[in-house]
Each structure stands twice: as structure tokens, then as C-alpha cells.
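Heads up, entry-v9.txt below (compact mmCIF, C-alpha atoms):
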# COMPACT_ATOMS: atom_id res chain seq x y z
CA MET A 1 2.75 33.98 12.02
CA LYS A 2 5.27 31.13 11.67
CA ASP A 3 2.44 28.61 11.46
CA ILE A 4 0.77 30.56 8.67
CA VAL A 5 4.02 30.75 6.75
CA ARG A 6 4.55 27.05 7.20
CA LEU A 7 1.01 26.29 6.01
CA LEU A 8 1.45 28.52 2.98
CA ILE A 9 4.78 26.91 2.07
CA ASN A 10 3.25 23.49 2.43
CA PHE A 11 0.28 24.48 0.31
CA PHE A 12 2.35 25.91 -2.54
CA ARG A 13 4.89 23.11 -2.36
CA HIS A 14 2.16 20.65 -3.19
CA LEU A 15 0.31 22.70 -5.79
CA LEU A 16 2.24 20.79 -8.38
CA PHE A 17 4.97 18.29 -7.62
CA LEU A 18 6.59 15.17 -8.90
CA VAL A 19 6.21 11.83 -7.21
CA LYS A 20 8.57 8.97 -8.00
CA VAL A 21 6.79 5.64 -7.63
CA GLU A 22 8.59 2.77 -5.96
CA GLY A 23 7.00 -0.66 -5.71
CA GLU A 24 4.27 -2.55 -7.50
CA SER A 25 1.15 -1.55 -5.62
CA GLY A 26 -0.09 0.75 -8.40
CA TRP A 27 0.68 -1.63 -11.26
CA PRO A 28 -0.17 -1.43 -14.18
CA THR A 29 -1.33 2.19 -13.95
CA LEU A 30 1.70 3.36 -11.98
CA VAL A 31 5.05 1.94 -13.00
CA SER A 32 7.78 1.52 -10.42
CA GLY A 33 10.71 3.85 -11.07
CA LYS A 34 8.67 6.36 -13.07
CA ARG A 35 7.83 9.91 -12.07
CA TYR A 36 4.34 11.35 -12.19
CA LEU A 37 2.90 14.82 -11.74
CA ALA A 38 0.69 15.31 -8.70
CA THR A 39 -1.31 18.22 -7.35
CA ASN A 40 -3.29 19.18 -4.29
CA LEU A 41 -5.65 21.34 -6.34
CA ILE A 42 -7.91 18.41 -7.12
CA LEU A 43 -10.40 17.07 -4.61
CA PRO A 44 -9.55 13.37 -4.28
CA GLN A 45 -12.21 10.93 -5.33
CA GLN A 46 -12.66 7.20 -5.35
CA GLY A 47 -10.35 5.64 -7.91
CA ASP A 48 -7.77 8.46 -7.77
CA PHE A 49 -4.18 7.66 -6.90
CA LEU A 50 -3.47 9.62 -3.75
CA VAL A 51 -0.07 10.64 -2.44
CA PHE A 52 -0.13 10.68 1.35
CA ARG A 53 2.03 10.44 4.42
CA ASN A 54 1.45 7.30 6.45
CA GLN A 55 0.89 8.33 10.08
CA HIS A 56 2.47 5.14 11.41
CA ASP A 57 5.86 5.23 9.74
CA CYS A 58 5.84 8.81 8.34
CA GLU A 59 6.73 7.43 4.90
CA VAL A 60 5.12 8.82 1.73
CA TYR A 61 2.89 6.36 -0.10
CA VAL A 62 0.83 6.42 -3.26
CA LYS A 63 -2.22 4.16 -3.35
CA GLN A 64 -5.63 4.12 -4.96
CA ILE A 65 -8.62 5.48 -3.09
CA ALA A 66 -11.06 2.63 -2.46
CA GLU A 67 -13.56 4.69 -0.51
CA VAL A 68 -14.02 8.26 0.67
CA ARG A 69 -15.27 8.41 4.25
CA ARG A 70 -16.30 11.24 6.54
CA ASN A 71 -12.89 11.47 8.21
CA GLY A 72 -10.54 10.20 5.55
CA TYR A 73 -9.78 7.75 2.79
CA MET A 74 -9.66 3.98 2.66
CA MET A 75 -6.78 3.04 0.42
CA GLU A 76 -6.06 -0.05 -1.65
CA SER A 77 -3.44 -1.44 -3.97
CA THR A 78 -4.19 -2.47 -7.52
CA VAL A 79 -2.43 -5.80 -6.92
CA SER A 80 -3.48 -8.28 -4.29
CA TRP A 81 -0.05 -8.40 -2.61
CA GLY A 82 0.18 -4.68 -2.00
CA SER A 83 -0.55 -3.08 1.36
CA SER A 84 -3.80 -1.24 1.96
CA SER A 85 -5.90 0.37 4.68
CA ARG A 86 -6.38 -3.15 6.04
CA ASP A 87 -2.73 -2.88 7.04
CA PHE A 88 -2.29 0.78 7.94
CA GLY A 89 -5.81 2.00 8.58
CA MET A 90 -7.80 4.92 7.21
CA ILE A 91 -5.82 7.91 5.93
CA PRO A 92 -7.05 11.19 7.45
CA PHE A 93 -7.61 14.12 5.10
CA ARG A 94 -4.75 16.08 6.70
CA ALA A 95 -2.24 13.36 5.69
CA THR A 96 -2.84 13.80 1.97
CA LEU A 97 -0.23 15.51 -0.18
CA GLY A 98 -1.91 15.38 -3.56
CA VAL A 99 -3.54 13.42 -6.36
CA VAL A 100 -1.53 11.86 -9.19
CA LEU A 101 -2.31 13.34 -12.58
CA LEU A 102 -2.67 10.57 -15.14
CA MET B 1 42.29 -53.39 17.14
CA GLU B 2 44.79 -55.93 15.93
CA ILE B 3 42.59 -58.82 17.05
CA THR B 4 39.61 -57.64 14.99
CA LYS B 5 41.86 -57.55 11.99
CA TYR B 6 42.53 -61.22 12.45
CA LEU B 7 38.96 -62.04 13.45
CA SER B 8 37.64 -60.41 10.29
CA LYS B 9 39.47 -63.11 8.35
CA ILE B 10 37.46 -65.87 9.99
CA LEU B 11 34.19 -64.32 11.12
CA PRO B 12 31.34 -63.17 8.82
CA GLU B 13 30.92 -59.43 8.56
CA VAL B 14 27.88 -57.24 8.14
CA ILE B 15 27.87 -53.60 7.22
CA ALA B 16 25.70 -51.20 9.21
CA GLU B 17 24.84 -48.01 7.37
CA ALA B 18 23.70 -44.84 9.02
CA HIS B 19 21.11 -42.94 6.95
CA CYS B 20 22.85 -39.63 7.37
CA ASP B 21 26.16 -38.36 8.54
CA ILE B 22 24.58 -36.81 11.59
CA PRO B 23 21.62 -38.95 12.67
CA CYS B 24 19.68 -36.02 14.06
CA SER B 25 16.23 -37.64 13.61
CA ILE B 26 14.80 -34.24 12.77
CA TYR B 27 12.26 -34.63 9.98
CA GLU B 28 9.36 -32.36 9.21
CA PRO B 29 7.10 -31.84 6.19
CA THR B 30 6.49 -28.16 6.98
CA PRO B 31 9.45 -26.86 4.90
CA ALA B 32 8.11 -28.77 1.88
CA LYS B 33 4.67 -27.23 2.38
CA ILE B 34 6.10 -23.71 2.76
CA ALA B 35 7.99 -24.24 -0.51
CA ALA B 36 4.83 -25.51 -2.23
CA MET B 37 2.81 -22.56 -0.98
CA THR B 38 5.52 -20.21 -2.23
CA VAL B 39 5.19 -21.81 -5.67
CA LEU B 40 1.43 -21.26 -5.55
CA ARG B 41 1.82 -17.66 -4.43
CA MET B 42 4.21 -16.94 -7.29
CA VAL B 43 1.83 -18.51 -9.82
CA LEU B 44 -1.03 -16.38 -8.51
CA GLN B 45 1.05 -13.20 -8.69
CA ILE B 46 2.39 -14.01 -12.17
CA ASN B 47 -1.19 -14.53 -13.38
CA GLU B 48 -2.23 -11.25 -11.81
CA LEU B 49 0.48 -9.13 -13.45
CA GLN B 50 -1.13 -7.25 -16.32
CA PRO B 51 0.70 -5.60 -19.23
CA PRO B 52 1.40 -1.88 -18.73
CA SER B 53 -1.46 0.56 -19.30
CA GLY B 54 -1.98 1.34 -22.96
CA PHE B 55 -0.51 -1.95 -24.16
CA PRO B 56 -0.52 -2.98 -27.05
CA ALA B 57 -1.60 0.30 -28.69
CA THR B 58 1.36 2.06 -27.08
CA ILE B 59 4.49 0.29 -25.90
CA ASP B 60 6.29 1.90 -22.98
CA ILE B 61 9.75 0.35 -23.07
CA ASP B 62 10.54 1.29 -19.47
CA ALA B 63 7.27 -0.15 -18.23
CA MET B 64 7.88 -3.34 -20.19
CA LYS B 65 11.27 -3.67 -18.53
CA VAL B 66 9.64 -3.26 -15.13
CA LEU B 67 7.07 -5.93 -16.01
CA GLN B 68 9.74 -8.31 -17.29
CA ASN B 69 11.77 -7.78 -14.13
CA SER B 70 8.71 -8.49 -11.97
CA LEU B 71 7.91 -11.63 -13.95
CA VAL B 72 11.45 -12.96 -14.07
CA ARG B 73 11.93 -12.52 -10.34
CA ARG B 74 8.76 -14.43 -9.61
CA ILE B 75 9.61 -17.16 -12.08
CA GLY B 76 13.02 -17.46 -10.38
CA VAL B 77 11.42 -17.83 -6.96
CA LYS B 78 8.92 -20.38 -8.33
CA GLU B 79 11.77 -22.41 -9.81
CA GLU B 80 13.82 -22.24 -6.62
CA HIS B 81 10.98 -23.27 -4.34
CA ALA B 82 9.70 -26.05 -6.57
CA GLN B 83 13.21 -27.48 -6.40
CA LEU B 84 13.35 -26.91 -2.64
CA CYS B 85 10.03 -28.73 -2.24
CA LYS B 86 11.44 -31.64 -4.23
CA LYS B 87 14.55 -31.71 -2.04
CA GLU B 88 12.55 -31.67 1.20
CA LEU B 89 10.30 -34.46 -0.05
CA LEU B 90 13.35 -36.50 -1.07
CA ILE B 91 14.75 -36.21 2.46
CA LEU B 92 11.51 -37.54 3.93
CA TRP B 93 11.23 -40.28 1.33
CA THR B 94 14.78 -41.60 1.52
CA ASP B 95 15.80 -40.81 5.10
CA PHE B 96 12.69 -40.96 7.25
CA PHE B 97 10.48 -43.63 5.76
CA LYS B 98 11.56 -47.23 6.22
CA PRO B 99 10.52 -50.50 4.56
CA GLU B 100 8.09 -51.29 7.37
CA HIS B 101 6.15 -48.12 6.59
CA LEU B 102 5.32 -49.56 3.19
CA GLU B 103 3.25 -52.29 4.81
CA LYS B 104 1.05 -49.74 6.51
CA PHE B 105 1.11 -47.24 3.62
CA PRO B 106 1.37 -49.33 0.44
CA LYS B 107 0.92 -46.31 -1.85
CA LEU B 108 3.81 -44.43 -0.24
CA HIS B 109 6.25 -44.63 -3.15
CA ASP B 110 3.55 -43.71 -5.66
CA ILE B 111 2.56 -40.63 -3.66
CA PHE B 112 6.14 -39.42 -3.39
CA TRP B 113 6.78 -40.11 -7.08
CA LYS B 114 3.72 -38.10 -8.08
CA ALA B 115 4.69 -35.27 -5.75
CA ALA B 116 8.18 -35.13 -7.28
CA LYS B 117 6.63 -35.07 -10.75
CA LEU B 118 4.43 -32.18 -9.68
CA CYS B 119 7.48 -30.25 -8.49
CA SER B 120 8.89 -30.55 -12.02
CA LYS B 121 5.58 -29.65 -13.63
CA ASN B 122 5.41 -26.48 -11.57
CA LYS B 123 8.87 -25.50 -12.73
CA GLN B 124 7.89 -26.04 -16.35
CA GLU B 125 4.51 -24.29 -16.23
CA VAL B 126 2.65 -21.36 -14.75
CA ASN B 127 -0.28 -23.49 -13.72
CA GLU B 128 -2.49 -22.69 -10.74
CA ASP B 129 -4.11 -26.15 -10.71
CA ALA B 130 -0.70 -27.85 -10.67
CA ALA B 131 0.47 -25.57 -7.86
CA ARG B 132 -2.59 -26.35 -5.75
CA GLU B 133 -2.20 -30.03 -6.55
CA LEU B 134 1.40 -29.93 -5.30
CA ALA B 135 0.34 -28.34 -2.00
CA ALA B 136 -2.38 -30.98 -1.63
CA LYS B 137 0.09 -33.78 -2.36
CA VAL B 138 2.47 -32.44 0.30
CA ASP B 139 -0.46 -32.47 2.74
CA GLU B 140 -1.11 -36.10 1.84
CA ILE B 141 2.51 -36.94 2.60
CA ALA B 142 2.41 -34.95 5.82
CA LYS B 143 -0.63 -36.90 7.02
CA ILE B 144 1.18 -40.18 6.43
CA PHE B 145 4.32 -38.79 8.04
CA TYR B 146 2.61 -37.82 11.29
CA GLU B 147 0.81 -41.14 11.41
CA ALA B 148 4.09 -42.96 10.88
CA LYS B 149 5.60 -40.93 13.72
CA GLY B 150 2.75 -41.99 15.98
CA ALA B 151 1.59 -38.39 16.34
CA PRO B 152 -1.41 -37.99 14.02
CA GLU B 153 -2.72 -35.08 16.09
CA ARG B 154 0.23 -32.95 14.90
CA TYR B 155 -1.21 -32.94 11.39
CA GLU B 156 -3.87 -30.39 12.37
CA GLY B 157 -1.22 -28.07 13.79
CA TYR B 158 0.76 -28.42 10.57
CA ARG B 159 -2.33 -27.52 8.51
CA THR B 160 -3.19 -24.59 10.77
CA ILE B 161 0.24 -23.05 10.24
CA THR B 162 0.82 -23.85 6.59
CA ASP B 163 -2.61 -23.33 5.03
CA LYS B 164 -2.74 -19.66 5.98
CA LEU B 165 0.72 -18.56 4.94
CA PHE B 166 -0.88 -15.96 2.68
If you took the structure in this file and wrote it as C-alpha cells, what would it be?
Amino acid sequence: MKDIVRLLINFFRHLLFLVKVEGESGWPTLVSGKRYLATNLILPQQGDFLVFRNQHDCEVYVKQIAEVRRNGYMMESTVSWGSSSRDFGMIPFRATLGVVLL
Amino acid sequence: MEITKYLSKILPEVIAEAHCDIPCSIYEPTPAKIAAMTVLRMVLQINELQPPSGFPATIDIDAMKVLQNSLVRRIGVKEEHAQLCKKELLILWTDFFKPEHLEKFPKLHDIFWKAAKLCSKNKQEVNEDAARELAAKVDEIAKIFYEAKGAPERYEGYRTITDKLF
């Protein structure tokens, strides 16, 4: 019962939420310091900016989806000096929080 | 000590200068190359920074401030490291190399002069060619340096480390 409640809370918490961008890896589409609406009601696709929790450091990131694979997403930055899946690996579907609405 | 005072009145005197206050004999072109590569990296990033989305049809003041901040920071780092490169090269030029090196490397002064000029050019401009030219000139100096030290094989190690900094 507790697990179901937790899942439901998590689901509704991310129906619509704000994400504050920090850093340059989404430039020029995402501006550091600005807030954007995000939702988990949209199925993420290549080119979308995905908000996810990095399994390695448990931090929340927002990056662009380079490729959708069977088990997750390969992420990239829009600038060459940003981190990507080359650094932190593929992001599993369960780590996603939502897609940025632009 | 008194006797030398009197001897100095009758004997010729020569002055021996040390090249630095602490003659540590530690010289290395790697810091100059790291500085040059930092200049190049900044130039590449500056060139990659696009205006905010929607520009110029719509001007987002906050986004423009973010862009300006990003540019100014990189320009500051470029300036600082071009100057650092110049300083490191000056140390090699004035403290390490000696007159006898000129016999073996007659173009030594010209190479250093051109490298110093390139440091200034990279401060003045956002110029990828000039940045790459500076890194190449530092490599040229490094090759001479390791040969002058009698350790030409160290040049490959230097290139291995400094070429792949980013």
C-alpha cells in the first residue's frame, strides 16, 4: 500500500513541474538561471530536453535526447563542452522525471 | 673581509650574475603549452556560443545577460592564459637559453619573438588560426628546449600529455 501511495505521489508530482536550469549544456535553447515547465505526460523523443536523475550522483540533470534505445536514453549537450552519456552512460527510463515544455 | 677590501683596490674585479634569485634549474615548456591550449579552448567555445533562441526577432534580456556573462568569462580566461603563455616563454627565453644555444639554433630569437607576438594577437582577437598557431609555436620551442637539454626523447612525452588536454 505504501509503495502504491509513493508511486502515485511521484506520478502526480511530476505531472507538471518547474525545472530551474543551471549550467550551459542546453544553450541556447535552455538559459542558465531560467525556469521552465516540464511534464511527465509526454513520451520523450529524440531532440526533447529530458529532466532525469543521474544514477551515479543522484543529481537532477536536464539534457537533450540524442537517441532513444530499448532500455533508455542516450543524452547529449547542445554545446561541445557539456557532459553527455559518454560521461555518465545511458539513462534508464525509470530515471526520467519529465520533458521540458518549450 | 678587510683584506678583500684592500685587494679590490689593486686587483681587477669581475661581476658574476646569477640568472635568478634561486637557481633552481627547473625549466619546462609544458606550462606554456597548457596556457596556449587554454587559449585555443576558449576561442573554440566563444565561437560556439550562439545568441539566445529567437534572437534577433525577440530579445530576451535575461538570456542576453547570461550570454554576455559566458562570453566575458571566456574572454577573461583567454586574456589571462595568453599572458601566462607569454610569461612562461619569457622565462625559457631569458633564463634557460644561453648564448651557446644560438649557435646550434640560430633562429631561436626569431621563434621566441614570433611566439610572443602570437600571445598578443590572441589577446586582441578571437581567432582560431592564431590560437592553433600559438600552440604550434610553443611546440617548436619545446622541441628545441628538449634538444638543448640533451633529452630529445622527452619531446614525445610532452606532446602526448599536452596535445590531448581537451
Between chain B and chain A, at 9 Å or less, what are the per-residue closest atom pairs and their distances in Å? Count all atoms listed in the file, order by chain and rising residue number, and return it as CSV.
residue,atom,partner,partner_atom,distance
B:Gln45,CA,A:Trp81,CA,7.8
B:Glu48,CA,A:Val79,CA,7.3
B:Leu49,CA,A:Pro28,CA,7.8
B:Gln50,CA,A:Pro28,CA,6.3
B:Pro51,CA,A:Pro28,CA,6.6
B:Pro52,CA,A:Pro28,CA,4.8
B:Ser53,CA,A:Thr29,CA,5.6
B:Asp62,CA,A:Lys34,CA,8.4
B:Ala63,CA,A:Val31,CA,6.1
B:Val66,CA,A:Ser32,CA,7.0
B:Leu67,CA,A:Val31,CA,8.7
B:Ser70,CA,A:Glu24,CA,8.7
Within 10 Å of A:Arg94, counting all atoms listed in the file, which residues qualify if same-chain residues fewer than 4 places away don't, as a list in words?
Phe52, Arg53, Asn71 and Gly72 of chain A
Need the shell around A:Phe93: protein/DNA/RNA residues with any atom at most 12 Å away, counting all atoms listed in the file. Skip same-chain ones fewer than 6 positions apart. Format as a PyMOL selection string?
chain A and resi 40+43-45+50-55+65+68-74
Contact residues around B:Tyr146 with all atoms listed in the file at 12 Å, ignoring same-chain residues under 4 positions, as a PyMOL selection string:
chain B and resi 27-30+92+96-97+101+139-142+150-159
Give as a short mmCIF file (atom, residue, chain, number, x, y, z; two decimals) with C-alpha atoms, keeping the file's coordinate frame the set of residues within 9 Å of the point (8.6, 12.4, -1.7), where distances use the file's coordinates and all atoms listed in the file.
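Result went into result12.cif, see below:
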data_model
loop_
_atom_site.label_atom_id
_atom_site.label_comp_id
_atom_site.auth_asym_id
_atom_site.auth_seq_id
_atom_site.Cartn_x
_atom_site.Cartn_y
_atom_site.Cartn_z
CA LEU A 18 6.59 15.17 -8.90
CA VAL A 19 6.21 11.83 -7.21
CA LYS A 20 8.57 8.97 -8.00
CA VAL A 51 -0.07 10.64 -2.44
CA GLU A 59 6.73 7.43 4.90
CA VAL A 60 5.12 8.82 1.73
CA TYR A 61 2.89 6.36 -0.10
#
